[in-house]
$ cat start_3.cif   # mmCIF, C-alpha atoms
data_run
#
loop_
_atom_site.label_atom_id
_atom_site.label_comp_id
_atom_site.auth_asym_id
_atom_site.auth_seq_id
_atom_site.Cartn_x
_atom_site.Cartn_y
_atom_site.Cartn_z
CA MET A 1 -28.73 20.72 -6.17
CA PRO A 2 -30.01 21.27 -2.61
CA TYR A 3 -29.25 24.48 -0.82
CA ARG A 4 -26.06 24.38 1.19
CA HIS A 5 -24.88 26.63 3.96
CA VAL A 6 -21.69 27.61 2.14
CA HIS A 7 -20.42 30.89 3.54
CA LEU A 8 -17.91 32.66 1.28
CA TYR A 9 -16.53 34.97 3.92
CA ILE A 10 -14.26 34.66 6.93
CA THR A 11 -15.97 33.59 10.12
CA PHE A 12 -14.59 32.93 13.52
CA MET A 13 -14.79 29.27 14.43
CA LEU A 14 -14.84 28.07 18.00
CA MET A 15 -11.71 25.98 17.68
CA VAL A 16 -9.37 28.26 15.72
CA SER A 17 -7.19 31.23 16.46
CA LEU A 18 -6.32 32.89 13.15
CA LEU A 19 -2.83 34.35 13.04
CA LEU A 20 -2.85 35.66 9.47
CA PRO A 21 -5.34 35.73 6.59
CA ILE A 22 -5.63 32.43 4.74
CA ALA A 23 -4.41 32.51 1.15
CA GLY A 24 -6.30 30.17 -1.12
CA TYR A 25 -4.83 31.17 -4.46
CA GLY A 26 -1.56 30.03 -5.91
CA GLY A 27 1.32 29.74 -3.53
CA SER A 28 2.26 26.43 -5.12
CA GLN A 29 5.55 26.17 -6.95
CA SER A 30 3.94 23.38 -9.01
CA GLN A 31 1.24 25.72 -10.38
CA LEU A 32 -1.44 23.02 -10.34
CA THR A 33 -4.95 24.19 -9.46
CA PHE A 34 -8.35 22.62 -8.88
CA GLY A 35 -9.16 23.53 -12.48
CA ASP A 36 -6.62 20.87 -13.53
CA PHE A 37 -8.32 18.09 -11.60
CA GLN A 38 -10.40 16.72 -14.48
CA TYR A 39 -7.47 16.45 -16.86
CA LEU A 40 -4.74 15.34 -14.43
CA PHE A 41 -6.71 13.08 -12.10
CA VAL A 42 -10.08 12.04 -13.55
CA ASP A 43 -8.64 11.53 -17.04
CA SER A 44 -5.29 10.09 -15.97
CA ARG A 45 -4.55 6.45 -16.76
CA VAL A 46 -4.54 5.34 -13.10
CA CYS A 47 -5.51 7.29 -10.00
CA TYR A 48 -4.39 5.79 -6.69
CA PHE A 49 -6.47 6.56 -3.61
CA VAL A 50 -4.09 6.16 -0.67
CA ILE A 51 -6.03 5.61 2.55
CA THR A 52 -4.72 5.00 6.05
CA GLU A 53 -4.21 1.61 7.65
CA THR A 54 -6.67 1.45 10.53
CA GLY A 55 -5.06 -1.52 12.28
CA GLU A 56 -1.93 -1.84 14.38
CA ASN A 57 0.38 -1.72 11.37
CA GLY A 58 -0.55 1.80 10.29
CA LYS A 59 2.28 4.18 9.35
CA PRO A 60 3.29 6.37 11.11
CA ILE A 61 0.39 5.55 13.49
CA PRO A 62 -2.89 3.72 12.96
CA GLY A 63 -5.36 5.82 11.00
CA ALA A 64 -8.96 6.61 11.87
CA VAL A 65 -11.86 5.25 9.85
CA HIS A 66 -13.24 8.77 9.22
CA ASP A 67 -10.10 9.62 7.23
CA ASN A 68 -10.96 6.81 4.85
CA LEU A 69 -14.66 7.66 4.57
CA ALA A 70 -13.58 10.83 2.74
CA ALA A 71 -12.38 8.65 -0.14
CA ALA A 72 -15.93 7.45 -0.78
CA TYR A 73 -17.09 11.01 -1.43
CA VAL A 74 -14.25 11.71 -3.87
CA ALA A 75 -14.91 8.42 -5.64
CA ALA A 76 -18.49 9.58 -6.21
CA ILE A 77 -17.74 12.83 -8.07
CA PRO A 78 -20.36 13.79 -10.66
CA GLY A 79 -19.76 12.13 -14.02
CA GLY A 80 -17.57 9.39 -12.61
CA TRP A 81 -13.96 8.53 -13.35
CA ASN A 82 -12.22 7.85 -16.64
CA ALA A 83 -9.10 6.76 -14.76
CA SER A 84 -8.81 3.32 -13.26
CA VAL A 85 -9.18 4.04 -9.54
CA VAL A 86 -6.99 1.82 -7.36
CA VAL A 87 -7.41 2.00 -3.57
CA ILE A 88 -4.37 1.07 -1.48
CA VAL A 89 -3.48 1.40 2.18
CA ASP A 90 -0.38 3.29 3.25
CA SER A 91 1.00 0.13 4.86
CA ASN A 92 1.31 -1.53 1.43
CA GLU A 93 5.07 -2.00 1.26
CA TYR A 94 5.04 -2.47 -2.52
CA PHE A 95 3.91 1.15 -2.97
CA VAL A 96 5.13 2.82 0.22
CA SER A 97 8.41 2.37 2.05
CA GLN A 98 7.66 1.29 5.60
CA GLU A 99 10.55 3.22 7.11
CA PRO A 100 10.76 7.01 7.47
CA PRO A 101 10.42 9.06 5.37
CA TYR A 102 7.99 6.55 3.78
CA GLU A 103 8.85 7.24 0.13
CA PRO A 104 6.40 6.38 -2.67
CA ARG A 105 7.54 3.66 -5.06
CA ASN A 106 6.28 1.48 -7.93
CA PHE A 107 3.37 3.71 -8.87
CA GLU A 108 2.56 3.33 -12.56
CA TYR A 109 3.65 5.80 -15.19
CA ASP A 110 1.09 8.52 -15.97
CA SER A 111 -0.68 7.96 -12.66
CA SER A 112 -2.01 10.39 -10.07
CA LEU A 113 -2.33 10.15 -6.28
CA ILE A 114 -4.99 11.29 -3.84
CA LEU A 115 -4.04 11.02 -0.16
CA PHE A 116 -6.58 10.99 2.66
CA GLY A 117 -5.49 11.91 6.18
CA GLY A 118 -2.78 14.04 7.71
CA PRO A 119 0.91 13.38 8.32
CA VAL A 120 0.32 11.55 11.61
CA SER A 121 -1.99 8.97 10.02
CA ASN A 122 -1.12 8.69 6.32
CA ALA A 123 2.46 7.72 5.54
CA LEU A 124 2.55 9.39 2.12
CA THR A 125 1.16 12.63 3.54
CA TYR A 126 3.98 12.43 6.07
CA TYR A 127 6.46 11.98 3.22
CA TYR A 128 5.31 14.96 1.19
CA MET A 129 5.06 17.24 4.20
CA SER A 130 8.54 16.26 5.41
CA LEU A 131 10.41 17.27 2.25
CA ASN A 132 13.10 19.86 3.04
CA TYR A 133 13.10 21.49 -0.38
CA PRO A 134 10.27 23.37 -2.13
CA GLU A 135 10.26 21.47 -5.45
CA GLY A 136 7.65 18.73 -5.31
CA SER A 137 6.28 19.85 -1.96
CA PRO A 138 2.62 20.66 -1.32
CA PRO A 139 1.76 24.37 -1.17
CA VAL A 140 0.78 24.09 2.52
CA ILE A 141 2.25 21.81 5.17
CA VAL A 142 0.62 20.86 8.46
CA TRP A 143 2.74 20.18 11.50
CA ALA A 144 2.48 20.16 15.29
CA ASP A 145 4.49 21.23 18.28
CA ASP A 146 3.72 20.58 21.94
CA THR A 147 0.65 22.82 22.07
CA ALA A 148 -0.90 23.30 18.63
CA VAL A 149 -1.30 22.25 15.00
CA HIS A 150 0.06 24.72 12.45
CA PHE A 151 -0.64 25.40 8.77
CA THR A 152 2.36 26.92 6.95
CA ARG A 153 2.91 27.94 3.33
CA THR A 154 5.82 26.10 1.79
CA ASP A 155 7.08 28.80 -0.56
CA THR A 156 7.18 31.68 1.91
CA GLY A 157 7.29 30.02 5.33
CA GLU A 158 4.26 32.12 6.30
CA GLU A 159 2.16 30.63 9.07
CA LEU A 160 -1.47 30.82 8.00
CA LEU A 161 -3.14 29.68 11.22
CA SER A 162 -2.84 27.45 14.23
CA VAL A 163 -5.28 25.58 16.44
CA SER A 164 -4.51 24.48 19.97
CA PHE A 165 -4.83 20.91 21.16
CA ASP A 166 -7.24 22.12 23.84
CA ASP A 167 -9.59 23.52 21.18
CA ILE A 168 -9.22 20.39 19.06
CA SER A 169 -10.23 18.20 21.99
CA ARG A 170 -13.13 20.48 22.98
CA ASN A 171 -14.66 20.51 19.48
CA MET A 172 -13.92 16.94 18.36
CA GLY A 173 -16.58 15.81 15.91
CA LYS A 174 -18.43 19.14 16.09
CA SER A 175 -16.12 21.61 14.34
CA ASP A 176 -12.90 21.19 12.40
CA LEU A 177 -10.57 22.62 9.81
CA PHE A 178 -9.65 20.79 6.66
CA LEU A 179 -7.11 21.42 3.91
CA ILE A 180 -7.46 20.31 0.30
CA GLU A 181 -4.51 20.99 -2.01
CA VAL A 182 -3.13 19.91 -5.38
CA PHE A 183 0.47 19.96 -6.59
CA GLU A 184 2.99 18.19 -8.78
CA ASP A 185 5.62 16.17 -6.96
CA HIS A 186 9.31 16.06 -7.90
CA GLU A 187 8.66 13.13 -10.24
CA GLY A 188 6.02 15.12 -12.14
CA ARG A 189 3.13 13.17 -10.62
CA PRO A 190 -0.12 15.04 -9.81
CA VAL A 191 -0.99 14.72 -6.12
CA MET A 192 -4.01 15.84 -4.10
CA ILE A 193 -4.08 15.80 -0.30
CA CYS A 194 -7.31 15.93 1.71
CA LEU A 195 -6.75 16.20 5.45
CA GLY A 196 -8.43 17.52 8.54
CA VAL A 197 -7.05 18.63 11.86
CA THR A 198 -8.83 15.48 13.05
CA ALA A 199 -10.25 12.58 11.06
CA TYR A 200 -13.68 14.24 11.24
CA GLY A 201 -12.19 17.14 9.29
CA THR A 202 -10.83 14.80 6.61
CA TYR A 203 -14.31 13.28 6.31
CA ALA A 204 -15.82 16.74 5.90
CA GLY A 205 -13.13 17.60 3.34
CA GLY A 206 -14.14 14.69 1.13
CA TRP A 207 -17.78 15.82 1.26
CA TYR A 208 -16.82 19.40 0.43
CA PHE A 209 -14.67 18.42 -2.54
CA ARG A 210 -17.43 16.22 -3.98
CA ASN A 211 -20.27 18.69 -3.43
CA VAL A 212 -18.70 22.15 -3.68
CA ILE A 213 -15.22 22.30 -5.24
CA TYR A 214 -15.39 19.76 -8.05
CA GLY A 215 -16.72 21.22 -11.28
CA ASN A 216 -17.13 24.68 -9.74
CA SER A 217 -15.29 27.31 -11.80
CA LEU A 218 -15.10 29.55 -8.73
CA PHE A 219 -12.26 27.34 -7.48
CA ASP A 220 -10.45 26.76 -10.79
CA GLY A 221 -7.58 29.11 -9.96
CA TYR A 222 -6.92 27.76 -6.48
CA SER A 223 -4.19 25.29 -5.60
CA TYR A 224 -5.31 24.93 -1.99
CA LEU A 225 -8.21 25.79 0.25
CA ILE A 226 -8.65 25.70 4.01
CA VAL A 227 -12.23 25.41 5.20
CA ASN A 228 -13.96 25.64 8.57
CA TRP A 229 -16.63 22.94 8.95
CA THR A 230 -19.15 23.21 11.79
CA ASP A 231 -21.74 20.50 12.31
CA ASN A 232 -25.33 21.73 12.52
CA LEU A 233 -26.47 19.76 15.54
CA GLU A 234 -30.05 21.04 15.32
CA TYR A 235 -30.86 20.22 11.69
CA GLY A 236 -28.06 17.90 10.54
CA ARG A 237 -28.94 14.29 9.72
CA TYR A 238 -26.42 12.64 12.04
CA PRO A 239 -23.96 14.13 14.54
CA GLY A 240 -20.41 14.25 13.18
CA VAL A 241 -21.49 13.42 9.62
CA PRO A 242 -21.07 16.19 7.00
CA ASP A 243 -24.23 17.15 5.12
CA ASP A 244 -26.10 19.98 3.39
CA TRP A 245 -27.28 21.49 6.65
CA ASP A 246 -23.84 22.09 8.11
CA TYR A 247 -21.89 25.35 8.02
CA TRP A 248 -18.97 25.61 5.60
CA ALA A 249 -16.70 28.65 5.67
CA PRO A 250 -13.78 28.80 3.22
CA LEU A 251 -11.11 31.01 4.70
CA TRP A 252 -10.25 33.45 1.95
CA ASP A 253 -7.33 35.79 1.56
CA VAL A 254 -8.54 39.28 2.52
CA SER A 255 -5.13 40.94 2.33
CA GLY A 256 -5.33 42.16 -1.24
#

$ encode --input "start_3.cif" --output "C-alpha coordinates"
Amino acid sequence: MPYRHVHLYITFMLMVSLLLPIAGYGGSQSQLTFGDFQYLFVDSRVCYFVITETGENGKPIPGAVHDNLAAAYVAAIPGGWNASVVVIVDSNEYFVSQEPPYEPRNFEYDSSLILFGGPVSNALTYYYMSLNYPEGSPPVIVWADDTAVHFTRTDTGEELLSVSFDDISRNMGKSDLFLIEVFEDHEGRPVMICLGVTAYGTYAGGWYFRNVIYGNSLFDGYSYLIVNWTDNLEYGRYPGVPDDWDYWAPLWDVSG
(Lines of atoms letter the chains of each structure in order from A and count residues from 1; the text may use other names and numbers.)
(Lines give C-alpha, C1' and ligand atoms only; values in the text may rest on other atoms or scores of the structure.)
Protein backbone atom coordinates (compact mmCIF):
# COMPACT_ATOMS: atom_id res chain seq x y z
CA MET A 1 0.00 0.00 0.00
CA PRO A 2 1.57 3.35 -0.99
CA TYR A 3 2.37 5.89 1.65
CA ARG A 4 -0.43 8.32 2.33
CA HIS A 5 -0.38 11.67 4.03
CA VAL A 6 -2.92 10.64 6.67
CA HIS A 7 -2.56 12.90 9.68
CA LEU A 8 -4.17 11.53 12.85
CA TYR A 9 -4.28 14.79 14.73
CA ILE A 10 -6.30 17.98 14.58
CA THR A 11 -5.06 20.55 12.10
CA PHE A 12 -6.41 23.90 11.17
CA MET A 13 -7.77 23.93 7.65
CA LEU A 14 -8.07 27.10 5.63
CA MET A 15 -11.80 26.84 5.16
CA VAL A 16 -13.02 25.83 8.63
CA SER A 17 -13.66 27.54 11.91
CA LEU A 18 -13.89 24.85 14.60
CA LEU A 19 -16.40 25.63 17.33
CA LEU A 20 -15.99 22.47 19.41
CA PRO A 21 -13.87 19.32 19.22
CA ILE A 22 -15.14 16.77 16.72
CA ALA A 23 -16.39 13.53 18.24
CA GLY A 24 -15.82 10.53 16.03
CA TYR A 25 -16.88 7.77 18.39
CA GLY A 26 -20.39 6.65 19.11
CA GLY A 27 -22.99 9.33 19.40
CA SER A 28 -25.34 7.23 17.31
CA GLN A 29 -28.51 5.94 18.90
CA SER A 30 -28.37 3.10 16.36
CA GLN A 31 -25.01 1.85 17.66
CA LEU A 32 -23.76 0.87 14.22
CA THR A 33 -20.05 1.41 13.57
CA PHE A 34 -17.64 1.08 10.67
CA GLY A 35 -16.71 -2.32 12.09
CA ASP A 36 -20.20 -3.50 11.08
CA PHE A 37 -19.78 -2.53 7.44
CA GLN A 38 -18.64 -5.93 6.17
CA TYR A 39 -21.52 -7.80 7.76
CA LEU A 40 -24.34 -5.28 7.25
CA PHE A 41 -23.43 -3.84 3.85
CA VAL A 42 -20.92 -6.01 1.96
CA ASP A 43 -22.61 -9.25 3.03
CA SER A 44 -26.20 -7.99 2.84
CA ARG A 45 -28.48 -9.43 0.17
CA VAL A 46 -28.78 -6.16 -1.77
CA CYS A 47 -26.91 -2.89 -1.28
CA TYR A 48 -28.40 0.14 -3.02
CA PHE A 49 -26.03 2.94 -4.01
CA VAL A 50 -28.20 6.07 -4.18
CA ILE A 51 -26.52 8.73 -6.31
CA THR A 52 -27.79 12.18 -7.24
CA GLU A 53 -29.64 13.06 -10.42
CA THR A 54 -27.35 15.40 -12.33
CA GLY A 55 -29.99 16.70 -14.74
CA GLU A 56 -32.84 19.15 -14.30
CA ASN A 57 -35.02 16.64 -12.46
CA GLY A 58 -32.71 16.22 -9.47
CA LYS A 59 -34.27 16.29 -5.98
CA PRO A 60 -34.15 18.63 -4.13
CA ILE A 61 -31.77 20.28 -6.66
CA PRO A 62 -29.64 18.84 -9.45
CA GLY A 63 -26.60 17.02 -8.09
CA ALA A 64 -22.98 17.46 -9.10
CA VAL A 65 -21.07 14.74 -10.93
CA HIS A 66 -18.33 14.69 -8.25
CA ASP A 67 -20.89 13.46 -5.70
CA ASN A 68 -21.45 10.41 -7.88
CA LEU A 69 -17.77 9.74 -8.55
CA ALA A 70 -17.46 8.84 -4.86
CA ALA A 71 -19.63 5.79 -5.51
CA ALA A 72 -16.99 4.34 -7.83
CA TYR A 73 -14.45 4.31 -5.02
CA VAL A 74 -16.82 2.57 -2.60
CA ALA A 75 -17.74 0.04 -5.27
CA ALA A 76 -14.04 -0.83 -5.57
CA ILE A 77 -13.41 -1.78 -1.92
CA PRO A 78 -10.77 -4.50 -1.46
CA GLY A 79 -12.20 -7.99 -1.77
CA GLY A 80 -15.28 -6.88 -3.65
CA TRP A 81 -18.94 -7.20 -2.74
CA ASN A 82 -20.97 -10.24 -1.75
CA ALA A 83 -24.16 -8.17 -1.93
CA SER A 84 -25.83 -7.43 -5.22
CA VAL A 85 -24.99 -3.75 -5.73
CA VAL A 86 -27.81 -1.79 -7.37
CA VAL A 87 -27.17 1.83 -8.39
CA ILE A 88 -30.19 4.12 -8.52
CA VAL A 89 -30.67 7.87 -8.84
CA ASP A 90 -32.58 9.80 -6.23
CA SER A 91 -35.11 10.89 -8.86
CA ASN A 92 -36.29 7.27 -9.26
CA GLU A 93 -39.88 7.61 -8.10
CA TYR A 94 -40.25 3.86 -7.52
CA PHE A 95 -37.69 4.04 -4.70
CA VAL A 96 -37.90 7.67 -3.58
CA SER A 97 -40.94 9.86 -3.14
CA GLN A 98 -40.56 12.91 -5.33
CA GLU A 99 -42.24 15.26 -2.87
CA PRO A 100 -40.77 16.47 0.43
CA PRO A 101 -39.68 14.84 2.64
CA TYR A 102 -38.67 12.37 -0.11
CA GLU A 103 -39.33 9.15 1.81
CA PRO A 104 -37.65 5.87 0.81
CA ARG A 105 -39.97 3.15 -0.47
CA ASN A 106 -39.93 -0.28 -2.12
CA PHE A 107 -36.39 -1.17 -1.11
CA GLU A 108 -36.02 -4.93 -0.79
CA TYR A 109 -36.06 -6.74 2.52
CA ASP A 110 -32.61 -7.32 4.07
CA SER A 111 -31.10 -4.54 1.98
CA SER A 112 -28.72 -1.72 2.87
CA LEU A 113 -28.34 1.82 1.52
CA ILE A 114 -25.32 4.00 0.79
CA LEU A 115 -26.11 7.62 -0.05
CA PHE A 116 -23.70 9.93 -1.86
CA GLY A 117 -24.10 13.69 -1.54
CA GLY A 118 -25.53 16.06 1.02
CA PRO A 119 -29.10 17.10 1.77
CA VAL A 120 -29.20 19.77 -0.95
CA SER A 121 -28.32 17.31 -3.72
CA ASN A 122 -29.41 13.83 -2.63
CA ALA A 123 -33.10 13.43 -1.81
CA LEU A 124 -32.63 10.52 0.60
CA THR A 125 -29.90 12.37 2.49
CA TYR A 126 -32.39 15.22 2.79
CA TYR A 127 -34.97 12.78 4.16
CA TYR A 128 -32.74 11.29 6.84
CA MET A 129 -31.37 14.64 7.93
CA SER A 130 -34.86 16.15 8.16
CA LEU A 131 -36.28 13.64 10.65
CA ASN A 132 -37.53 15.39 13.79
CA TYR A 133 -37.00 12.45 16.13
CA PRO A 134 -33.73 10.73 17.09
CA GLU A 135 -34.71 7.12 16.31
CA GLY A 136 -33.55 6.23 12.82
CA SER A 137 -31.65 9.48 12.35
CA PRO A 138 -27.97 9.68 11.40
CA PRO A 139 -25.59 10.51 14.25
CA VAL A 140 -24.64 13.84 12.63
CA ILE A 141 -26.82 16.12 10.52
CA VAL A 142 -25.59 18.82 8.16
CA TRP A 143 -27.64 21.94 7.62
CA ALA A 144 -27.22 25.54 6.48
CA ASP A 145 -28.41 28.97 7.44
CA ASP A 146 -27.81 32.24 5.57
CA THR A 147 -24.07 32.36 6.25
CA ALA A 148 -22.64 28.90 6.96
CA VAL A 149 -22.93 25.12 6.85
CA HIS A 150 -23.21 23.42 10.24
CA PHE A 151 -22.47 19.91 11.53
CA THR A 152 -24.60 18.97 14.56
CA ARG A 153 -24.84 15.80 16.64
CA THR A 154 -28.34 14.38 16.62
CA ASP A 155 -28.42 12.91 20.12
CA THR A 156 -27.13 15.94 22.02
CA GLY A 157 -27.78 18.89 19.70
CA GLU A 158 -24.09 19.79 20.05
CA GLU A 159 -22.70 21.79 17.15
CA LEU A 160 -19.41 20.22 16.13
CA LEU A 161 -18.24 22.80 13.60
CA SER A 162 -19.33 25.26 10.97
CA VAL A 163 -17.83 26.59 7.76
CA SER A 164 -18.82 29.88 6.17
CA PHE A 165 -20.01 30.18 2.60
CA ASP A 166 -17.18 32.65 1.96
CA ASP A 167 -14.60 30.01 2.94
CA ILE A 168 -16.40 27.35 0.92
CA SER A 169 -16.29 29.52 -2.19
CA ARG A 170 -12.65 30.51 -1.63
CA ASN A 171 -11.44 26.90 -1.30
CA MET A 172 -13.70 25.16 -3.81
CA GLY A 173 -11.93 22.13 -5.24
CA LYS A 174 -8.81 22.74 -3.13
CA SER A 175 -9.91 21.97 0.44
CA ASP A 176 -13.09 20.52 1.90
CA LEU A 177 -14.69 18.71 4.79
CA PHE A 178 -16.48 15.43 4.40
CA LEU A 179 -18.63 13.33 6.72
CA ILE A 180 -18.98 9.56 6.56
CA GLU A 181 -21.46 7.95 8.97
CA VAL A 182 -23.34 4.69 9.49
CA PHE A 183 -26.61 4.12 11.31
CA GLU A 184 -29.76 2.02 11.37
CA ASP A 185 -32.92 3.76 10.20
CA HIS A 186 -36.33 3.42 11.84
CA GLU A 187 -37.14 0.42 9.65
CA GLY A 188 -34.00 -1.40 10.82
CA ARG A 189 -32.16 -0.82 7.54
CA PRO A 190 -28.39 -0.15 7.63
CA VAL A 191 -27.55 3.19 6.01
CA MET A 192 -24.25 4.90 5.23
CA ILE A 193 -24.01 8.53 4.15
CA CYS A 194 -20.94 9.97 2.42
CA LEU A 195 -21.14 13.72 1.89
CA GLY A 196 -18.89 16.72 1.54
CA VAL A 197 -19.49 20.38 2.18
CA THR A 198 -19.19 20.55 -1.61
CA ALA A 199 -19.27 17.78 -4.19
CA TYR A 200 -15.46 17.75 -4.18
CA GLY A 201 -15.64 16.75 -0.53
CA THR A 202 -18.01 13.88 -1.30
CA TYR A 203 -15.56 12.70 -3.97
CA ALA A 204 -12.72 12.82 -1.44
CA GLY A 205 -14.90 10.98 1.08
CA GLY A 206 -15.36 8.05 -1.29
CA TRP A 207 -11.60 7.84 -1.81
CA TYR A 208 -10.94 7.98 1.93
CA PHE A 209 -13.46 5.25 2.74
CA ARG A 210 -12.00 2.94 0.08
CA ASN A 211 -8.35 3.56 0.94
CA VAL A 212 -8.28 4.33 4.66
CA ILE A 213 -11.42 3.41 6.62
CA TYR A 214 -12.52 0.13 5.08
CA GLY A 215 -10.85 -2.88 6.68
CA ASN A 216 -8.90 -0.71 9.12
CA SER A 217 -9.52 -1.82 12.72
CA LEU A 218 -8.56 1.66 13.94
CA PHE A 219 -12.01 2.83 12.83
CA ASP A 220 -14.06 -0.19 13.93
CA GLY A 221 -15.58 1.59 16.94
CA TYR A 222 -16.58 4.74 15.10
CA SER A 223 -20.06 5.48 13.81
CA TYR A 224 -19.03 8.71 12.08
CA LEU A 225 -15.93 10.58 11.06
CA ILE A 226 -15.38 14.11 9.81
CA VAL A 227 -12.22 14.62 7.78
CA ASN A 228 -10.39 17.64 6.37
CA TRP A 229 -9.15 16.98 2.83
CA THR A 230 -6.61 19.37 1.29
CA ASP A 231 -5.43 18.87 -2.27
CA ASN A 232 -1.67 18.76 -2.71
CA LEU A 233 -1.34 21.05 -5.70
CA GLU A 234 2.43 20.55 -5.97
CA TYR A 235 2.61 16.75 -6.05
CA GLY A 236 -0.97 15.57 -6.64
CA ARG A 237 -1.78 13.86 -9.94
CA TYR A 238 -4.65 16.14 -10.97
CA PRO A 239 -6.09 19.27 -9.33
CA GLY A 240 -9.30 18.55 -7.42
CA VAL A 241 -8.87 14.76 -7.64
CA PRO A 242 -8.18 12.92 -4.35
CA ASP A 243 -5.01 10.81 -4.29
CA ASP A 244 -2.19 9.47 -2.12
CA TRP A 245 -0.31 12.75 -2.15
CA ASP A 246 -3.07 14.83 -0.62
CA TYR A 247 -3.42 15.77 3.05
CA TRP A 248 -6.06 13.97 5.10
CA ALA A 249 -6.77 15.07 8.67
CA PRO A 250 -9.46 13.20 10.64
CA LEU A 251 -10.83 15.55 13.26
CA TRP A 252 -10.68 13.57 16.48
CA ASP A 253 -12.32 14.17 19.82
CA VAL A 254 -9.67 15.67 22.11
CA SER A 255 -12.02 16.40 25.00
CA GLY A 256 -11.50 13.20 26.94

$ residues_around --input "start_3.cif" --residues "Gly201 of chain A" --least-positions-apart "2" --cutoff "12 Å" --atoms "all atoms listed in the file" --output "MDAnalysis selection string"
chainID A and resid 64:70 116:118 168 171:180 194:199 203:208 226:231 240:242 248

$ residues_around --input "start_3.cif" --residues "Asp90 of chain A" --least-positions-apart "6" --cutoff "7 Å" --atoms "all atoms listed in the file" --output "ChimeraX atom specification"
/A:50-53,59,96,122-124

$ residues_around --input "start_3.cif" --residues "Glu181 of chain A" --least-positions-apart "6" --cutoff "10 Å" --atoms "all atoms listed in the file" --output "mmCIF file with C-alpha atoms, in the frame of the given file"
data_model
loop_
_atom_site.group_PDB
_atom_site.id
_atom_site.type_symbol
_atom_site.label_atom_id
_atom_site.label_comp_id
_atom_site.auth_asym_id
_atom_site.auth_seq_id
_atom_site.Cartn_x
_atom_site.Cartn_y
_atom_site.Cartn_z
ATOM 1 C CA GLY A 24 -6.300 30.170 -1.120
ATOM 2 C CA SER A 28 2.260 26.430 -5.120
ATOM 3 C CA LEU A 32 -1.440 23.020 -10.340
ATOM 4 C CA THR A 33 -4.950 24.190 -9.460
ATOM 5 C CA PHE A 34 -8.350 22.620 -8.880
ATOM 6 C CA ILE A 114 -4.990 11.290 -3.840
ATOM 7 C CA PRO A 138 2.620 20.660 -1.320
ATOM 8 C CA PRO A 139 1.760 24.370 -1.170
ATOM 9 C CA VAL A 140 0.780 24.090 2.520
ATOM 10 C CA ILE A 141 2.250 21.810 5.170
ATOM 11 C CA VAL A 191 -0.990 14.720 -6.120
ATOM 12 C CA MET A 192 -4.010 15.840 -4.100
ATOM 13 C CA ILE A 193 -4.080 15.800 -0.300
ATOM 14 C CA CYS A 194 -7.310 15.930 1.710
ATOM 15 C CA LEU A 195 -6.750 16.200 5.450
ATOM 16 C CA TYR A 222 -6.920 27.760 -6.480
ATOM 17 C CA SER A 223 -4.190 25.290 -5.600
ATOM 18 C CA TYR A 224 -5.310 24.930 -1.990
ATOM 19 C CA LEU A 225 -8.210 25.790 0.250
ATOM 20 C CA ILE A 226 -8.650 25.700 4.010
#

$ atom_distance --input "start_3.cif" --atom1 "atom CA of Tyr109 of chain A" --atom2 "atom CA of Tyr214 of chain A"
24.7 Å

$ resolve_selection --input "start_3.cif" --expression "the PyMOL selection byres ((chain A and resi 41) around 10)" --output "PyMOL selection string"
chain A and resi 36-40+42-48+81-83+85+110-114+189-192
